>>> print(open('input39.tsv').read())   # TSV, C-alpha atoms
chain	number	residue	atom	x	y	z
M	1437	MET	CA	82.51	115.86	82.70
M	1438	THR	CA	85.41	115.89	80.27
M	1439	THR	CA	87.35	112.63	80.11
M	1440	PRO	CA	90.90	113.14	81.48
M	1441	THR	CA	93.52	112.67	78.79
M	1442	ALA	CA	97.26	112.08	78.71
M	1443	ALA	CA	97.72	115.07	76.40
M	1444	ALA	CA	96.01	117.45	78.84
M	1445	PHE	CA	98.04	116.04	81.73
M	1446	ILE	CA	101.31	116.57	79.86
M	1447	ASP	CA	100.30	120.08	78.78
M	1448	ARG	CA	99.73	120.97	82.43
M	1449	LEU	CA	103.10	119.46	83.39
M	1450	ARG	CA	104.84	121.65	80.84
M	1451	GLU	CA	103.13	124.71	82.32
M	1452	LEU	CA	104.39	123.77	85.80
M	1453	ALA	CA	107.96	122.90	84.77
M	1454	THR	CA	110.85	125.14	85.83
M	1455	GLU	CA	114.54	125.06	85.01
M	1456	GLU	CA	115.38	125.35	88.70
M	1457	GLU	CA	113.52	122.16	89.49
M	1458	ARG	CA	115.02	120.36	86.49
M	1459	VAL	CA	118.51	121.14	87.79
M	1460	LYS	CA	117.57	119.68	91.19
M	1461	TYR	CA	116.56	116.40	89.57
M	1462	ARG	CA	119.96	116.16	87.91
M	1463	ARG	CA	121.54	115.92	91.36
M	1464	TYR	CA	119.40	112.97	92.41
M	1465	PHE	CA	119.17	111.25	89.02
M	1466	PRO	CA	122.53	111.95	87.37
M	1467	GLY	CA	122.56	111.18	83.68
M	1468	ASP	CA	118.76	111.03	83.46
M	1469	ASP	CA	117.51	113.79	81.14
M	1470	SER	CA	113.88	112.68	81.16
M	1471	PHE	CA	112.81	115.17	83.85
M	1472	ILE	CA	111.34	118.48	82.69
M	1473	GLY	CA	111.35	120.09	86.14
M	1474	VAL	CA	108.02	119.61	87.93
M	1475	ARG	CA	108.00	119.07	91.69
M	1476	MET	CA	106.62	115.67	92.64
M	1477	GLY	CA	104.15	117.28	95.01
M	1478	GLN	CA	102.66	119.08	92.01
M	1479	VAL	CA	102.66	115.86	89.98
M	1480	PHE	CA	100.75	114.08	92.75
M	1481	ASP	CA	98.26	116.93	93.12
M	1482	LEU	CA	97.66	116.80	89.37
M	1483	ALA	CA	97.21	113.04	89.57
M	1484	LYS	CA	94.40	113.50	92.11
M	1485	GLN	CA	92.54	115.56	89.53
M	1486	HIS	CA	92.83	112.80	86.91
M	1487	LEU	CA	91.81	109.66	88.82
M	1488	ALA	CA	89.15	108.81	86.25
M	1489	MET	CA	91.67	108.70	83.40
M	1490	PRO	CA	90.91	105.68	81.18
M	1491	VAL	CA	93.46	102.91	80.87
M	1492	ALA	CA	94.20	103.75	77.25
M	1493	GLU	CA	95.16	107.30	78.28
M	1494	LEU	CA	97.18	106.04	81.23
M	1495	GLU	CA	99.10	103.84	78.83
M	1496	LEU	CA	99.87	106.90	76.71
M	1497	LEU	CA	101.21	108.63	79.82
M	1498	LEU	CA	103.42	105.63	80.54
M	1499	GLU	CA	104.74	105.78	76.99
M	1500	SER	CA	105.85	109.40	77.43
M	1501	ASP	CA	109.55	110.20	77.50
M	1502	ILE	CA	108.84	112.65	80.34
M	1503	HIS	CA	109.59	111.14	83.73
M	1504	GLU	CA	107.00	113.25	85.52
M	1505	ALA	CA	104.35	111.99	83.08
M	1506	ARG	CA	105.16	108.39	83.92
M	1507	ALA	CA	105.24	109.26	87.63
M	1508	GLY	CA	101.84	110.85	87.17
M	1509	ALA	CA	100.51	107.71	85.52
M	1510	CYS	CA	101.78	105.55	88.38
M	1511	SER	CA	100.38	107.95	90.95
M	1512	ILE	CA	96.97	107.91	89.28
M	1513	MET	CA	97.06	104.12	89.12
M	1514	GLY	CA	97.97	103.79	92.80
M	1515	LYS	CA	95.38	106.30	94.00
M	1516	ALA	CA	92.64	104.99	91.72
M	1517	ALA	CA	93.20	101.35	92.70
M	1518	SER	CA	93.08	102.14	96.42
M	1519	ALA	CA	90.08	104.48	96.26
M	1520	LYS	CA	87.15	103.32	98.39
M	1521	ARG	CA	84.81	103.46	95.41
M	1522	ALA	CA	87.13	101.62	93.02
M	1523	THR	CA	85.22	98.86	91.27
M	1524	GLU	CA	86.54	95.35	90.79
M	1525	GLU	CA	86.77	96.00	87.05
M	1526	ARG	CA	88.74	99.22	87.52
M	1527	ARG	CA	91.20	97.52	89.89
M	1528	ARG	CA	91.63	94.61	87.49
M	1529	GLU	CA	92.33	96.80	84.48
M	1530	LEU	CA	94.87	98.84	86.44
M	1531	PHE	CA	96.57	95.65	87.62
M	1532	GLU	CA	96.73	94.33	84.06
M	1533	LEU	CA	98.06	97.65	82.74
M	1534	TYR	CA	100.79	97.73	85.38
M	1535	LEU	CA	102.04	94.27	84.47
M	1536	ARG	CA	101.60	94.71	80.71
M	1537	ARG	CA	103.57	97.97	80.65
M	1538	HIS	CA	106.15	97.22	83.30
M	1539	ASP	CA	108.69	98.06	80.61
M	1540	ARG	CA	107.76	101.71	81.23
M	1541	ILE	CA	107.68	101.33	85.02
M	1542	ASP	CA	111.42	101.03	85.02
M	1543	GLU	CA	112.69	103.16	87.92
M	1544	TRP	CA	112.46	102.64	91.68
M	1545	ASP	CA	110.26	105.69	92.25
M	1546	LEU	CA	107.72	104.52	89.66
M	1547	VAL	CA	107.54	101.06	91.19
M	1548	ASP	CA	107.13	102.53	94.66
M	1549	LEU	CA	104.19	104.71	93.58
M	1550	ALA	CA	101.99	101.85	92.48
M	1551	ALA	CA	103.27	98.35	93.29
M	1552	TYR	CA	101.66	97.87	96.68
M	1553	HIS	CA	98.47	99.75	95.75
M	1554	VAL	CA	97.83	98.15	92.35
M	1555	VAL	CA	99.60	94.79	92.33
M	1556	GLY	CA	99.60	93.74	95.97
M	1557	PRO	CA	95.92	94.10	96.91
M	1558	TRP	CA	94.76	92.44	93.69
M	1559	LEU	CA	97.03	89.43	94.20
M	1560	ARG	CA	96.11	89.14	97.85
M	1561	GLU	CA	92.52	88.62	96.75
M	1562	HIS	CA	93.26	86.66	93.55
M	1563	GLN	CA	96.36	84.69	94.44
M	1564	ASP	CA	98.33	83.03	91.66
M	1565	ASP	CA	102.02	82.67	90.78
M	1566	THR	CA	102.51	86.30	89.66
M	1567	LEU	CA	104.77	87.29	92.57
M	1568	ASP	CA	107.01	84.30	91.94
M	1569	ARG	CA	107.24	85.13	88.24
M	1570	LEU	CA	108.08	88.74	89.01
M	1571	ALA	CA	110.68	87.68	91.58
M	1572	ALA	CA	112.34	85.47	88.96
M	1573	SER	CA	112.38	88.19	86.29
M	1574	ALA	CA	115.61	89.34	84.64
M	1575	PHE	CA	114.20	92.90	84.78
M	1576	TRP	CA	115.09	94.32	88.21
M	1577	PRO	CA	112.05	96.65	88.55
M	1578	GLU	CA	109.80	93.61	88.32
M	1579	ARG	CA	111.72	92.01	91.17
M	1580	ARG	CA	111.32	95.16	93.26
M	1581	THR	CA	107.59	95.10	92.46
M	1582	ALA	CA	107.39	91.52	93.74
M	1583	VAL	CA	108.61	92.37	97.21
M	1584	LEU	CA	106.92	95.77	97.54
M	1585	ALA	CA	103.59	94.25	96.57
M	1586	THR	CA	103.69	92.19	99.76
M	1587	MET	CA	102.95	95.36	101.72
M	1588	ALA	CA	99.31	94.58	100.93
M	1589	TRP	CA	99.50	91.49	103.14
M	1590	MET	CA	101.30	93.35	105.92
M	1591	ARG	CA	98.57	95.97	105.99
M	1592	HIS	CA	96.35	93.12	107.16
M	1593	GLY	CA	98.87	91.93	109.74
M	1594	ASP	CA	100.25	89.07	107.62
M	1595	THR	CA	104.04	88.96	107.20
M	1596	GLY	CA	104.23	85.50	105.68
M	1597	GLU	CA	104.23	86.58	102.04
M	1598	THR	CA	106.90	89.21	102.69
M	1599	PHE	CA	109.29	86.73	104.25
M	1600	ARG	CA	108.52	84.19	101.51
M	1601	VAL	CA	109.34	86.61	98.69
M	1602	ALA	CA	112.35	87.96	100.60
M	1603	GLU	CA	113.71	84.39	100.63
M	1604	LEU	CA	113.48	84.36	96.83
M	1605	LEU	CA	115.36	87.67	96.55
M	1606	VAL	CA	117.79	87.48	99.45
M	1607	ASP	CA	120.78	87.11	97.11
M	1608	ASP	CA	119.58	89.60	94.48
M	1609	PRO	CA	122.43	91.33	92.61
M	1610	HIS	CA	120.73	94.72	92.11
M	1611	ASP	CA	121.16	97.40	94.75
M	1612	LEU	CA	117.63	98.78	94.39
M	1613	VAL	CA	116.09	95.34	94.81
M	1614	ARG	CA	118.30	94.73	97.86
M	1615	LYS	CA	117.11	98.00	99.39
M	1616	GLY	CA	113.49	97.13	98.63
M	1617	VAL	CA	113.82	93.74	100.30
M	1618	GLY	CA	115.52	95.31	103.32
M	1619	TRP	CA	112.77	97.90	103.58
M	1620	MET	CA	110.04	95.24	103.53
M	1621	LEU	CA	111.91	93.10	106.05
M	1622	ARG	CA	112.17	96.10	108.38
M	1623	THR	CA	108.42	96.69	108.01
M	1624	ALA	CA	107.69	93.01	108.63
M	1625	GLY	CA	109.86	93.22	111.74
M	1626	ASP	CA	107.59	95.94	113.10
M	1627	LEU	CA	104.76	93.41	113.01
M	1628	ASP	CA	106.65	90.26	113.98
M	1629	ARG	CA	110.07	90.86	115.50
M	1630	GLU	CA	110.73	87.17	116.17
M	1631	ALA	CA	110.00	86.23	112.56
M	1632	LEU	CA	112.51	88.86	111.45
M	1633	ARG	CA	115.11	87.45	113.84
M	1634	ALA	CA	114.46	83.96	112.48
M	1635	PHE	CA	115.02	85.24	108.95
M	1636	LEU	CA	118.22	86.98	110.00
M	1637	SER	CA	119.45	83.85	111.74
M	1638	ARG	CA	119.26	82.05	108.40
M	1639	HIS	CA	120.62	84.81	106.18
M	1640	ALA	CA	122.48	87.58	108.04
M	1641	GLY	CA	125.84	85.94	107.39
M	1642	THR	CA	125.44	85.99	103.61
M	1643	MET	CA	122.80	88.55	102.63
M	1644	PRO	CA	123.98	91.80	100.98
M	1645	ARG	CA	125.15	94.35	103.52
M	1646	VAL	CA	122.76	97.09	102.40
M	1647	MET	CA	119.80	94.71	102.69
M	1648	LEU	CA	120.87	93.74	106.18
M	1649	ARG	CA	121.30	97.36	107.27
M	1650	TYR	CA	117.84	98.27	106.05
M	1651	ALA	CA	116.30	95.20	107.69
M	1652	ILE	CA	117.74	95.84	111.17
M	1653	GLU	CA	117.35	99.62	111.19
M	1654	LYS	CA	114.68	99.62	113.92
M	1655	LEU	CA	116.40	97.17	116.24
M	1656	ASP	CA	118.27	98.55	119.22
M	1657	LYS	CA	121.92	99.46	118.77
M	1658	GLU	CA	123.33	96.44	120.57
M	1659	GLU	CA	121.32	94.01	118.49
M	1660	ARG	CA	122.16	95.82	115.25
M	1661	THR	CA	125.84	95.56	116.09
M	1662	ARG	CA	125.49	91.86	116.73
M	1663	TRP	CA	123.77	91.18	113.41
M	1664	LEU	CA	126.25	93.33	111.51
M	1665	SER	CA	129.14	91.38	113.01
M	1666	THR	CA	127.76	88.24	111.34
M	1667	GLY	CA	127.07	89.93	107.99
M	1668	ARG	CA	129.35	89.83	105.00
M	1669	SER	CA	131.45	92.88	104.18
>>> encode(input="input39.tsv", output="structure tokens")
Amino acid sequence: MTTPTAAAFIDRLRELATEEERVKYRRYFPGDDSFIGVRMGQVFDLAKQHLAMPVAELELLLESDIHEARAGACSIMGKAASAKRATEERRRELFELYLRRHDRIDEWDLVDLAAYHVVGPWLREHQDDTLDRLAASAFWPERRTAVLATMAWMRHGDTGETFRVAELLVDDPHDLVRKGVGWMLRTAGDLDREALRAFLSRHAGTMPRVMLRYAIEKLDKEERTRWLSTGRS
């Protein structure tokens, strides 16, 4: 079997690109000219065909100026790390690549494709201070990675790590980190509603409004109104 390469992946992306799709991306990512116009569904389908791509080739994909190429790399990493037959060595090298080249995983969609498949499960099994270091980073995508990675714990019914990291990021200045924290709090609330309420009791009065709105989205209307009345404007 031919080894999947970054060059072949990018060639296929160029074949799939359309001007119509490129114009659509401009609406959602204004000012970002890195899209060539490939639908994400097609990118993900292509990623499934390249799950055996070596780390060196994945790094070349991440280095591409084409957004869909980097999305493809992150999709491959996420799918490959979570595959049932993924070896310990494969998961480790994907985890190390993700952290080493986080400079190229620099948009919310790229983080979301791989953080809780690549970073979270590895750290759940090999716990160290990585989440704390990411949460303290000056680079906002690393902070979003920190909280999204905690989904790996929640998939096993454990919300403790999510609430712990959310405490570290509850005053984060970046909108996309705030939304990520709110999203994970909402998910944690599905598993432990009282723990979410305890968190809100400590922070609803001062946490960013968008984070609060995301966190309480699944509560009933009366309770949402009550929490919003304590939140900052």
>>> closest_residue(input="input39.tsv", among="M:Val1547, M:Ala1507, M:Leu1648, M:Val1491", to="M:Arg1527", atoms="all atoms listed in the file")
M:Val1491
>>> closest_residue(input="input39.tsv", among="M:Pro1609, M:Gly1473, M:Pro1490, M:Pro1440", to="M:Leu1452", atoms="all atoms listed in the file")
M:Gly1473
>>> residues_near_point(input="input39.tsv", point="(93.9, 109.4, 92.1)", cutoff="7 Å", atoms="only C-alpha atoms", output="list in words")
Ala1483, Lys1484, Gln1485, His1486, Leu1487, Ser1511, Ile1512, Met1513, Gly1514, Lys1515 and Ala1516 of chain M
>>> atom_distance(input="input39.tsv", atom1="atom CA of M:Gly1467", atom2="atom CA of M:Leu1497")
21.8 Å
>>> atom_distance(input="input39.tsv", atom1="atom CA of M:Ser1573", atom2="atom CA of M:Ala1651")
22.9 Å
>>> closest_residue(input="input39.tsv", among="M:His1639, M:Arg1633, M:Arg1458, M:His1503", to="M:Ile1652", atoms="all atoms listed in the file")
M:Arg1633
>>> residues_near_point(input="input39.tsv", point="(128.5, 83.9, 109.3)", cutoff="12 Å", atoms="all atoms listed in the file", output="list in words")
Leu1636, Ser1637, Arg1638, His1639, Ala1640, Gly1641, Thr1642, Met1643, Arg1662, Trp1663, Leu1664, Ser1665, Thr1666, Gly1667, Arg1668 and Ser1669 of chain M
>>> closest_residue(input="input39.tsv", among="M:Ala1624, M:Ala1634, M:Leu1530, M:Ala1444", to="M:Lys1654", atoms="all atoms listed in the file")
M:Ala1624
>>> atom_distance(input="input39.tsv", atom1="atom CA of M:Arg1622", atom2="atom CA of M:Ser1518")
23.3 Å
>>> closest_residue(input="input39.tsv", among="M:Asp1447, M:Asp1548, M:Glu1653, M:Asp1539", to="M:Ala1505", atoms="only C-alpha atoms")
M:Asp1447
>>> build_atoms(input="input39.tsv", residues="stretch 1477-1488 of chain M", atoms="all heavy atoms", output="compact mmCIF listing (two decimals), keeping the file's coordinate frame")
# COMPACT_ATOMS: atom_id res chain seq x y z
N GLY M 1477 105.39 116.90 94.33
CA GLY M 1477 104.15 117.28 95.01
C GLY M 1477 103.11 117.81 94.03
O GLY M 1477 101.91 117.52 94.15
N GLN M 1478 103.57 118.57 93.04
CA GLN M 1478 102.66 119.08 92.01
C GLN M 1478 102.17 117.96 91.10
O GLN M 1478 101.01 117.96 90.69
CB GLN M 1478 103.38 120.15 91.19
CG GLN M 1478 103.70 121.42 91.95
CD GLN M 1478 104.48 122.42 91.12
OE1 GLN M 1478 105.55 122.10 90.59
NE2 GLN M 1478 103.97 123.63 90.99
N VAL M 1479 103.06 117.02 90.80
CA VAL M 1479 102.66 115.86 89.98
C VAL M 1479 101.56 115.08 90.69
O VAL M 1479 100.54 114.71 90.09
CB VAL M 1479 103.86 114.94 89.70
CG1 VAL M 1479 103.41 113.67 88.97
CG2 VAL M 1479 104.92 115.67 88.87
N PHE M 1480 101.74 114.86 92.00
CA PHE M 1480 100.75 114.08 92.75
C PHE M 1480 99.42 114.83 92.88
O PHE M 1480 98.35 114.22 92.82
CB PHE M 1480 101.30 113.74 94.13
CG PHE M 1480 102.58 112.94 94.09
CD1 PHE M 1480 103.47 113.00 95.16
CD2 PHE M 1480 102.90 112.15 93.01
CE1 PHE M 1480 104.66 112.28 95.14
CE2 PHE M 1480 104.09 111.42 92.99
CZ PHE M 1480 104.97 111.49 94.04
N ASP M 1481 99.50 116.14 93.06
CA ASP M 1481 98.26 116.93 93.12
C ASP M 1481 97.52 116.85 91.78
O ASP M 1481 96.28 116.74 91.75
CB ASP M 1481 98.58 118.39 93.45
CG ASP M 1481 98.98 118.59 94.90
OD1 ASP M 1481 98.71 117.69 95.73
OD2 ASP M 1481 99.56 119.64 95.22
N LEU M 1482 98.27 116.91 90.69
CA LEU M 1482 97.66 116.80 89.37
C LEU M 1482 97.05 115.42 89.17
O LEU M 1482 95.96 115.29 88.58
CB LEU M 1482 98.73 117.08 88.30
CG LEU M 1482 98.26 117.30 86.86
CD1 LEU M 1482 97.28 118.46 86.77
CD2 LEU M 1482 99.46 117.55 85.95
N ALA M 1483 97.73 114.40 89.68
CA ALA M 1483 97.21 113.04 89.57
C ALA M 1483 95.84 112.91 90.24
O ALA M 1483 94.94 112.24 89.73
CB ALA M 1483 98.20 112.05 90.18
N LYS M 1484 95.68 113.57 91.40
CA LYS M 1484 94.40 113.50 92.11
C LYS M 1484 93.25 114.04 91.28
O LYS M 1484 92.10 113.66 91.47
CB LYS M 1484 94.50 114.27 93.43
CG LYS M 1484 95.40 113.65 94.46
CD LYS M 1484 95.52 114.54 95.69
CE LYS M 1484 96.51 114.00 96.69
NZ LYS M 1484 96.68 114.91 97.87
N GLN M 1485 93.57 114.95 90.38
CA GLN M 1485 92.54 115.56 89.53
C GLN M 1485 92.23 114.70 88.30
O GLN M 1485 91.32 115.04 87.54
CB GLN M 1485 93.01 116.94 89.08
CG GLN M 1485 93.31 117.91 90.22
CD GLN M 1485 94.03 119.15 89.72
OE1 GLN M 1485 93.87 119.58 88.57
NE2 GLN M 1485 94.85 119.74 90.58
N HIS M 1486 92.98 113.62 88.11
CA HIS M 1486 92.83 112.80 86.91
C HIS M 1486 92.59 111.32 87.25
O HIS M 1486 92.94 110.43 86.48
CB HIS M 1486 94.08 112.92 86.03
CG HIS M 1486 94.24 114.27 85.40
ND1 HIS M 1486 94.66 115.37 86.10
CD2 HIS M 1486 94.03 114.69 84.12
CE1 HIS M 1486 94.72 116.41 85.29
NE2 HIS M 1486 94.33 116.04 84.09
N LEU M 1487 91.97 111.05 88.39
CA LEU M 1487 91.81 109.66 88.82
C LEU M 1487 90.90 108.85 87.91
O LEU M 1487 90.97 107.62 87.90
CB LEU M 1487 91.28 109.61 90.26
CG LEU M 1487 92.19 110.17 91.35
CD1 LEU M 1487 91.60 109.90 92.73
CD2 LEU M 1487 93.59 109.56 91.25
N ALA M 1488 90.06 109.53 87.15
CA ALA M 1488 89.15 108.81 86.25
C ALA M 1488 89.77 108.58 84.87
O ALA M 1488 89.08 108.11 83.96
CB ALA M 1488 87.84 109.58 86.11
